[in-house]
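Visitor: Please see the structure below; I have some questions.
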Amino acid sequence: MPTALIIGGGIAGTTAALALQKAGITAEVFEADPGHNRDTGAFLMLANNGMRALEPIGAADAVAAAGAPVLTMRITDDAGNLVATVPFADHDNPTTCYRCLTRSELCTTLHNEAQRRGIALTAGKRLVHTSDTDSGVTATFTDGTTVHGDLLIGADGLRSTVRTQIDPDTAPPRYVGQRLFYGYSSPRTEPVEDPSVFHVIRGVAHGAAAFGRIPTAERGTWWFVRVNANELTRDELAHTSTDQWKTYLAQLLEHDPTPTRIVHDTNHLYVANAYDLPEVNTWHRQNTIIIGDAAHAASPANGQGASMAIEDAVILGKALRDNSSISPAFDIYEQLRRPRVDANIAASAGLSTRGSSPAGQSGKYQPPVRPDIDDHIDWSTPTTTPAPAM
């Protein structure tokens with residue numbers, strides 16, 4: 001039975017371990033963070049295509065139970081006037097409809113599934129080097145230890161060490177022009193709005209920002225703001241206090257009463273810059289491949305990052321299952337995935353540069369642009385090279 005080393009214990013890496021096990025491949029996951037708690041402050045929307053991709057590897061039910069269903073997007077203008085109500089795909093399916101949960105909740109759920117199935121996950125192992133030969137791959141970690149496998153999957157995110165060794169000439173991640181703020185406001189005493197509705201207010205901060213929120217009964221309101229502004233420096237990210245950020249956002253949103261109130265009630269805030277990675281020429285070399293954000297990060301505007309990572313992992317598992325040699329499996333995987341993830345990167349970049357999503361420059365409502373989210377991964381069918389476009 002072949003063995004796989006997976007670098008990165010986030011969404012892509014842990015899902016890959018589950019998919020590879022189903023494909024008959026033994027995988028071990030190595031995570032740099034000692035506690036598997038990266039990005040604990042951010043929440044995400046896991047779209048229906050991500051939930052569908054989890055079904056064939058038996059993880060959809062566990063993830064569905066960890067998150068809250070989100071069925072509809074309600075868009076209003078800054079005066080509170082309704083612009084559009086848009087049902088999310090699969091809103092009538094209790095397993096595969098959209099889910100809202102924190103990134104750490106999703107990772108923890110996937111980790112628990114992996115551990116329940118006997119998959120090894122080792123934390124506190126930061127990769128420094130890979131040695132790739134015809135006989136397999138050796139990974140070396142900062143503590144001096146090494147491990148050998150038949151193949152290695154780099155699922156180590158936007159700042160991937162594996163990517164730099166596969167393709168050292170890749171340009172660094174690109175700042176897409178938006179600062180990201182994720183917050184959790186205190187629960188309020190008045191009746192809670194429908195928690196299955198994702199609210200978007202367009203035109204906040206005179207069009208300089210996008211604001212979205214999801215009400216919850218027990219954990220207050222989960223919200224985000226994407227602000228069109230210069231990239232935050234490391235010093236600003238490291239040393240600006242929560243109160244200082246709340247003051248900054250209060251000034252920015254002073255003419256928008258609902259966002260201002262929610263930000264004022266916030267007791268936890270997560271701040272980051274928005275990046276993407278649009279041009280990675282080389283995804284694999286010999287017995288090593290990169291997936292997820294390590295290969296094709298998109299800005300968060302399209303809400304497809306986690307779902308694309310999950311799709312990657314499952315399609316790679318299928319490709320390795322269906323090919324006796326690693327190199328052809330990698331080739332087929334790349335041919336299947338590149339068009340889809342490139343479309344997502346372009347769509348998300350377009351939303352980021354337009355500014356106040358989901359309104360375009362015309363001021364009229366424009367639905368979010370997504371890749372074909374109804375794509376269905378059928379585990380029972382063989383993975384083959386896609387037919388040429390006509």
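Residue numbering restarts at 1 for every chain of the structure tokens, chains are lettered A, B, ... in their displayed order, and ligands are numbered from 1 as they appear.
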If you run DSSP on the backbone, which residues of segment 6-149 of chain A are alpha helix (DSSP H), as a PyMOL selection string?

Guide: chain A and resi 11-22+48-54+60-66+103-116

Visitor: Can you tell me which residues surround Ala47 of chain A at a distance of at most 9 Å, considering only C-alpha atoms, apart from same-chain residues fewer than 3 positions away, and format the answer as number ranges by chain?

Guide: A: 50-52, 88-89, 96-100, 303-304, 306-307, 373

Visitor: Need the shell around Ala23 of chain A: protein/DNA/RNA residues with any atom at most 12 Å away, counting only C-alpha atoms. Skip same-chain ones fewer than 2 positions apart. Format as a PyMOL selection string?

Guide: chain A and resi 1-4+16-21+25-27+56-57+313-324+379-380+382

Visitor: What's around Glu105 of chain A at 9 Å? Count only C-alpha atoms, leave out sequence neighbours fewer than 5 positions away in its own chain, and write the answer as JSON, numbers by chain.

Guide: {"A": [40, 43, 63, 66, 67, 110]}

Visitor: Can you check which residues of segment 161-297 of chain A DSSP gives as strand (DSSP E) on the backbone and send them as a PyMOL selection string?

Guide: chain A and resi 174-185+197-203+209-215+221-228+266-276+284-285+288-290

Visitor: Compile the contact shell of segment 137-153 of chain A as an mmCIF file with N, CA, C and O atoms, in the first residue's frame: residues with an atom at most 9 Å away, counting only C-alpha atoms, same-chain residues fewer than 3 positions apart removed.

Guide:
```
data_model
loop_
_atom_site.group_PDB
_atom_site.id
_atom_site.type_symbol
_atom_site.label_atom_id
_atom_site.label_comp_id
_atom_site.auth_asym_id
_atom_site.auth_seq_id
_atom_site.Cartn_x
_atom_site.Cartn_y
_atom_site.Cartn_z
ATOM 1 N N PRO A 2 0.650 2.208 -0.912
ATOM 2 C CA PRO A 2 1.468 3.409 -0.935
ATOM 3 C C PRO A 2 1.261 4.260 0.309
ATOM 4 O O PRO A 2 0.231 4.166 0.979
ATOM 5 N N THR A 3 2.266 5.077 0.615
ATOM 6 C CA THR A 3 2.180 5.959 1.770
ATOM 7 C C THR A 3 2.325 7.402 1.310
ATOM 8 O O THR A 3 3.114 7.712 0.416
ATOM 9 N N ALA A 4 1.553 8.294 1.946
ATOM 10 C CA ALA A 4 1.582 9.707 1.583
ATOM 11 C C ALA A 4 1.904 10.542 2.814
ATOM 12 O O ALA A 4 1.378 10.297 3.904
ATOM 13 N N LEU A 5 2.768 11.531 2.620
ATOM 14 C CA LEU A 5 3.049 12.530 3.646
ATOM 15 C C LEU A 5 2.256 13.777 3.287
ATOM 16 O O LEU A 5 2.351 14.271 2.161
ATOM 17 N N ILE A 6 1.479 14.285 4.226
ATOM 18 C CA ILE A 6 0.687 15.494 3.979
ATOM 19 C C ILE A 6 1.206 16.591 4.882
ATOM 20 O O ILE A 6 1.202 16.453 6.110
ATOM 21 N N ILE A 7 1.675 17.668 4.267
ATOM 22 C CA ILE A 7 2.210 18.798 5.021
ATOM 23 C C ILE A 7 1.104 19.839 5.150
ATOM 24 O O ILE A 7 0.689 20.452 4.172
ATOM 25 N N GLY A 8 0.626 20.021 6.369
ATOM 26 C CA GLY A 8 -0.466 20.959 6.633
ATOM 27 C C GLY A 8 -1.702 20.238 7.118
ATOM 28 O O GLY A 8 -2.260 19.399 6.394
ATOM 29 N N GLY A 13 -5.460 19.654 3.875
ATOM 30 C CA GLY A 13 -4.625 18.525 4.267
ATOM 31 C C GLY A 13 -5.390 17.415 4.957
ATOM 32 O O GLY A 13 -5.220 16.228 4.644
ATOM 33 N N ALA A 16 -7.662 15.681 2.528
ATOM 34 C CA ALA A 16 -6.870 14.816 1.658
ATOM 35 C C ALA A 16 -6.560 13.487 2.341
ATOM 36 O O ALA A 16 -6.600 12.422 1.715
ATOM 37 N N ALA A 27 -1.992 7.660 4.781
ATOM 38 C CA ALA A 27 -1.523 9.042 4.852
ATOM 39 C C ALA A 27 -1.228 9.428 6.292
ATOM 40 O O ALA A 27 -1.911 8.984 7.222
ATOM 41 N N LYS A 125 5.118 20.093 13.822
ATOM 42 C CA LYS A 125 6.144 19.624 12.880
ATOM 43 C C LYS A 125 6.189 20.600 11.695
ATOM 44 O O LYS A 125 5.360 20.533 10.788
ATOM 45 N N ARG A 126 7.153 21.504 11.733
ATOM 46 C CA ARG A 126 7.285 22.514 10.679
ATOM 47 C C ARG A 126 8.310 22.059 9.642
ATOM 48 O O ARG A 126 9.469 21.792 9.952
ATOM 49 N N LEU A 127 7.868 21.994 8.400
ATOM 50 C CA LEU A 127 8.728 21.531 7.306
ATOM 51 C C LEU A 127 9.787 22.567 6.968
ATOM 52 O O LEU A 127 9.506 23.769 6.931
ATOM 53 N N VAL A 128 10.999 22.084 6.680
ATOM 54 C CA VAL A 128 12.050 22.980 6.178
ATOM 55 C C VAL A 128 12.566 22.552 4.814
ATOM 56 O O VAL A 128 13.043 23.380 4.044
ATOM 57 N N HIS A 129 12.439 21.255 4.480
ATOM 58 C CA HIS A 129 13.027 20.794 3.221
ATOM 59 C C HIS A 129 12.370 19.488 2.773
ATOM 60 O O HIS A 129 11.954 18.679 3.594
ATOM 61 N N THR A 130 12.282 19.320 1.464
ATOM 62 C CA THR A 130 11.862 18.042 0.893
ATOM 63 C C THR A 130 12.921 17.562 -0.077
ATOM 64 O O THR A 130 13.554 18.370 -0.784
ATOM 65 N N SER A 131 13.122 16.283 -0.113
ATOM 66 C CA SER A 131 14.048 15.658 -1.059
ATOM 67 C C SER A 131 13.266 14.650 -1.881
ATOM 68 O O SER A 131 12.782 13.644 -1.352
ATOM 69 N N ASP A 132 13.133 14.933 -3.165
ATOM 70 C CA ASP A 132 12.257 14.165 -4.046
ATOM 71 C C ASP A 132 13.097 13.367 -5.031
ATOM 72 O O ASP A 132 13.899 13.924 -5.787
ATOM 73 N N THR A 133 12.934 12.048 -5.024
ATOM 74 C CA THR A 133 13.660 11.172 -5.947
ATOM 75 C C THR A 133 12.677 10.196 -6.583
ATOM 76 O O THR A 133 11.490 10.169 -6.243
ATOM 77 N N ASP A 134 13.170 9.381 -7.493
ATOM 78 C CA ASP A 134 12.308 8.390 -8.131
ATOM 79 C C ASP A 134 11.755 7.370 -7.138
ATOM 80 O O ASP A 134 10.719 6.753 -7.388
ATOM 81 N N ASP A 156 0.003 23.328 2.767
ATOM 82 C CA ASP A 156 0.510 24.225 3.807
ATOM 83 C C ASP A 156 0.214 25.692 3.531
ATOM 84 O O ASP A 156 0.922 26.579 3.989
ATOM 85 N N VAL A 162 6.289 24.019 0.705
ATOM 86 C CA VAL A 162 6.371 23.016 -0.370
ATOM 87 C C VAL A 162 6.345 23.700 -1.733
ATOM 88 O O VAL A 162 7.095 23.327 -2.640
ATOM 89 N N GLN A 286 7.865 15.325 -9.746
ATOM 90 C CA GLN A 286 8.117 13.935 -9.371
ATOM 91 C C GLN A 286 7.002 13.400 -8.475
ATOM 92 O O GLN A 286 5.898 13.168 -8.930
ATOM 93 N N ASN A 287 7.278 13.247 -7.192
ATOM 94 C CA ASN A 287 6.305 12.637 -6.279
ATOM 95 C C ASN A 287 5.692 13.638 -5.299
ATOM 96 O O ASN A 287 5.118 13.238 -4.288
ATOM 97 N N THR A 288 5.788 14.927 -5.612
ATOM 98 C CA THR A 288 5.304 15.978 -4.719
ATOM 99 C C THR A 288 4.294 16.862 -5.445
ATOM 100 O O THR A 288 4.494 17.221 -6.605
ATOM 101 N N ILE A 289 3.207 17.232 -4.742
ATOM 102 C CA ILE A 289 2.157 18.062 -5.338
ATOM 103 C C ILE A 289 1.624 19.028 -4.289
ATOM 104 O O ILE A 289 1.709 18.750 -3.082
ATOM 105 N N ILE A 290 1.104 20.172 -4.735
ATOM 106 C CA ILE A 290 0.477 21.127 -3.825
ATOM 107 C C ILE A 290 -1.009 21.232 -4.145
ATOM 108 O O ILE A 290 -1.419 21.110 -5.302
ATOM 109 N N ILE A 291 -1.798 21.481 -3.099
ATOM 110 C CA ILE A 291 -3.252 21.607 -3.251
ATOM 111 C C ILE A 291 -3.748 22.765 -2.396
ATOM 112 O O ILE A 291 -3.019 23.310 -1.563
ATOM 113 N N ILE A 326 2.204 7.570 -9.867
ATOM 114 C CA ILE A 326 1.916 8.870 -9.263
ATOM 115 C C ILE A 326 1.870 9.977 -10.300
ATOM 116 O O ILE A 326 0.963 10.823 -10.299
#
```

Visitor: Give the answer as one residue: which of A:Phe211, A:Trp283, A:Phe198, A:Tyr248 has the shortest atom-to-atom distance to Pro87 of chain A, using only C-alpha atoms?

Guide: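 Using only C-alpha atoms, Pro87 of chain A sits closest to A:Phe198.
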
Visitor: Restricting the calculation to only C-alpha atoms, which member of A:Glu31, A:Glu55, A:Asp276, A:Asp194 is positioned closest to Ala68 of chain A?

Guide: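 For Ala68 of chain A, the nearest of the candidates is A:Asp194.
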
Visitor: Considering only C-alpha atoms, state which residue in the set A:Arg74, A:His199, A:Arg213, A:Arg340 is at the smallest distance from Phe181 of chain A.

Guide: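 Among A:Arg74, A:His199, A:Arg213, A:Arg340, it is A:Arg213 that comes nearest to Phe181 of chain A.
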